[in-house]
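Trainee: Below you will find the structure I want to go over with you.
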Amino acid sequence: MPDCIFCKIGKKEVKVLIVVESENFISFLDVQPRSPGHSLVIPKRHFDNFVSLDLNLAQEFVKICQETIKKIGRGLNANDFTLGVNEGELAGQAIHHFHFHVIPRFKHDRGGSIHSVVFNEPVESVEEIYSKIIK
């Protein structure tokens, strides 16, 4: 995608502060961090979202995420992290190029668990919802 900022980062057309890099992925410090060390892991090649990510890249992706967490943890003495993906516009995906957030957590950082992101209590039972999913 010619105008995709993350594609440009993957092609080294835009300078970022790289944490870890592999053949197909790059992790770098987020320019709008929610916490010291907040980083993004992106594929160098364009994938719109997590669901479209090539499964052949899964092991390399996990390895880059783990290396990113370990480096940030060592450098910032962080032992806790919130990890996540905003999949689609309603979930807050602003850039339509798959990206994975690695957010270090610190005592008194005023953040919450991933459960605090949304509260939309279902009116149907878990069983009813399950029956719709497994059709």
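Chain labels run A, B, ... following the order of the structure tokens; each chain numbers its residues from 1, and ligands are numbered from 1 in the order shown.
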Which parts of chain A does DSSP call helix (DSSP H, G or I) when run on the backbone here, written out as a ChimeraX atom specification?

Mentor: /A:5-10,50-52,55-76,89-91,114-116,126-133

Trainee: With only C-alpha atoms as the counted atoms, please give the residues lying no more than 12 Å from segment 110-123 of chain A, apart from itself and same-chain residues fewer than 2 positions off, as a VMD selection string.

Mentor: chain A and resid 34 to 35 80 to 86 90 to 92 103 to 108 125 to 130

Trainee: Go ahead and write the residues just picked, N, CA and C atoms, as a JSON list (two decimals), in the first residue's frame.

Mentor:
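Final output, saved to part.json:
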[["chain", "number", "residue", "atom", "x", "y", "z"],
["A", 34, "ARG", "N", 1.77, 5.00, 25.30],
["A", 34, "ARG", "CA", 0.87, 5.01, 26.45],
["A", 34, "ARG", "C", 1.64, 4.70, 27.73],
["A", 35, "SER", "N", 2.91, 4.31, 27.57],
["A", 35, "SER", "CA", 3.76, 3.94, 28.68],
["A", 35, "SER", "C", 5.20, 3.98, 28.18],
["A", 80, "ASP", "N", 5.78, -6.72, 33.77],
["A", 80, "ASP", "CA", 4.38, -6.89, 33.41],
["A", 80, "ASP", "C", 4.09, -6.12, 32.13],
["A", 81, "PHE", "N", 3.21, -6.69, 31.31],
["A", 81, "PHE", "CA", 2.90, -6.09, 30.02],
["A", 81, "PHE", "C", 1.44, -6.30, 29.69],
["A", 82, "THR", "N", 0.88, -5.35, 28.97],
["A", 82, "THR", "CA", -0.41, -5.54, 28.32],
["A", 82, "THR", "C", -0.09, -5.70, 26.84],
["A", 83, "LEU", "N", -0.61, -6.77, 26.25],
["A", 83, "LEU", "CA", -0.36, -7.09, 24.86],
["A", 83, "LEU", "C", -1.68, -7.06, 24.12],
["A", 84, "GLY", "N", -1.69, -6.49, 22.92],
["A", 84, "GLY", "CA", -2.98, -6.46, 22.25],
["A", 84, "GLY", "C", -3.00, -5.96, 20.84],
["A", 85, "VAL", "N", -4.16, -6.22, 20.24],
["A", 85, "VAL", "CA", -4.43, -5.86, 18.85],
["A", 85, "VAL", "C", -5.79, -5.19, 18.81],
["A", 86, "ASN", "N", -5.87, -4.06, 18.11],
["A", 86, "ASN", "CA", -7.16, -3.44, 17.82],
["A", 86, "ASN", "C", -7.55, -3.92, 16.42],
["A", 90, "LEU", "N", -14.19, -0.40, 14.94],
["A", 90, "LEU", "CA", -14.92, -0.33, 16.21],
["A", 90, "LEU", "C", -14.03, -0.68, 17.39],
["A", 91, "ALA", "N", -12.95, -1.42, 17.14],
["A", 91, "ALA", "CA", -12.01, -1.77, 18.19],
["A", 91, "ALA", "C", -10.90, -0.74, 18.33],
["A", 92, "GLY", "N", -10.91, 0.28, 17.47],
["A", 92, "GLY", "CA", -9.92, 1.34, 17.56],
["A", 92, "GLY", "C", -8.74, 1.21, 16.61],
["A", 103, "ILE", "N", 2.90, -3.15, 25.59],
["A", 103, "ILE", "CA", 2.83, -2.01, 26.51],
["A", 103, "ILE", "C", 3.33, -2.42, 27.89],
["A", 104, "PRO", "N", 4.51, -1.94, 28.28],
["A", 104, "PRO", "CA", 5.00, -2.24, 29.61],
["A", 104, "PRO", "C", 4.09, -1.63, 30.68],
["A", 105, "ARG", "N", 3.95, -2.34, 31.78],
["A", 105, "ARG", "CA", 3.11, -1.86, 32.87],
["A", 105, "ARG", "C", 3.97, -1.63, 34.10],
["A", 106, "PHE", "N", 3.65, -0.59, 34.83],
["A", 106, "PHE", "CA", 4.40, -0.20, 36.00],
["A", 106, "PHE", "C", 3.44, 0.09, 37.14],
["A", 107, "LYS", "N", 3.92, -0.07, 38.35],
["A", 107, "LYS", "CA", 3.10, 0.21, 39.54],
["A", 107, "LYS", "C", 2.59, 1.65, 39.46],
["A", 108, "HIS", "N", 1.33, 1.83, 39.74],
["A", 108, "HIS", "CA", 0.68, 3.15, 39.76],
["A", 108, "HIS", "C", 0.62, 3.81, 38.38],
["A", 125, "SER", "N", -27.54, -15.81, 26.92],
["A", 125, "SER", "CA", -26.70, -16.68, 27.73],
["A", 125, "SER", "C", -25.43, -17.06, 26.96],
["A", 126, "VAL", "N", -24.45, -17.51, 27.68],
["A", 126, "VAL", "CA", -23.21, -17.96, 27.05],
["A", 126, "VAL", "C", -23.50, -19.11, 26.09],
["A", 127, "GLU", "N", -24.42, -19.99, 26.46],
["A", 127, "GLU", "CA", -24.79, -21.12, 25.61],
["A", 127, "GLU", "C", -25.42, -20.65, 24.30],
["A", 128, "GLU", "N", -26.29, -19.64, 24.37],
["A", 128, "GLU", "CA", -26.91, -19.11, 23.15],
["A", 128, "GLU", "C", -25.87, -18.48, 22.23],
["A", 129, "ILE", "N", -24.97, -17.76, 22.80],
["A", 129, "ILE", "CA", -23.91, -17.14, 22.01],
["A", 129, "ILE", "C", -23.04, -18.22, 21.38],
["A", 130, "TYR", "N", -22.71, -19.22, 22.17],
["A", 130, "TYR", "CA", -21.89, -20.34, 21.67],
["A", 130, "TYR", "C", -22.56, -21.03, 20.48]]

Trainee: If we count only C-alpha atoms, what is near Val62 of chain A at a cut-off of 12 Å, once residues fewer than 5 positions away on the same chain are taken out, given as a PDB file with C-alpha atoms, in the first residue's frame?

Mentor:
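What landed in around-v5.pdb:
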ATOM      1  CA  SER A  22      13.791  -9.957  11.591  1.00  0.00           C
ATOM      2  CA  ASN A  24       9.607 -10.204   7.965  1.00  0.00           C
ATOM      3  CA  PHE A  25       8.885  -8.145  11.111  1.00  0.00           C
ATOM      4  CA  ILE A  26      10.042  -5.052  12.897  1.00  0.00           C
ATOM      5  CA  SER A  27       9.311  -3.804  16.392  1.00  0.00           C
ATOM      6  CA  VAL A  41       5.364  -5.103  16.199  1.00  0.00           C
ATOM      7  CA  ILE A  42       4.443  -4.987  12.502  1.00  0.00           C
ATOM      8  CA  PRO A  43       4.958  -7.193   9.481  1.00  0.00           C
ATOM      9  CA  LEU A  55       0.090 -18.269   8.954  1.00  0.00           C
ATOM     10  CA  ASN A  56       3.539 -19.217   7.653  1.00  0.00           C
ATOM     11  CA  LEU A  57       4.809 -16.141   9.508  1.00  0.00           C
ATOM     12  CA  GLU A  67      12.267 -10.758  22.000  1.00  0.00           C
ATOM     13  CA  THR A  68      10.665  -7.320  22.153  1.00  0.00           C
ATOM     14  CA  ILE A  69       9.125  -8.042  25.561  1.00  0.00           C
ATOM     15  CA  LEU A  83      -0.359  -7.095  24.856  1.00  0.00           C
ATOM     16  CA  PHE A 100       0.619  -5.618  17.775  1.00  0.00           C
TER      17      PHE A 100
END

Trainee: Name the residues in contact with Leu53 of chain A at a cut-off of 10 Å, using only C-alpha atoms, excluding same-chain residues fewer than 6 positions from it; report them as a list in words.

Mentor: Pro43, Arg45, His46, Phe47, Phe61, His97 and Phe98 of chain A

Trainee: Which residue gives the smallest distance to Glu89 of chain A among A:Cys65, A:Pro36, A:Asn49, A:Val31, with only C-alpha atoms counted?

Mentor: A:Asn49
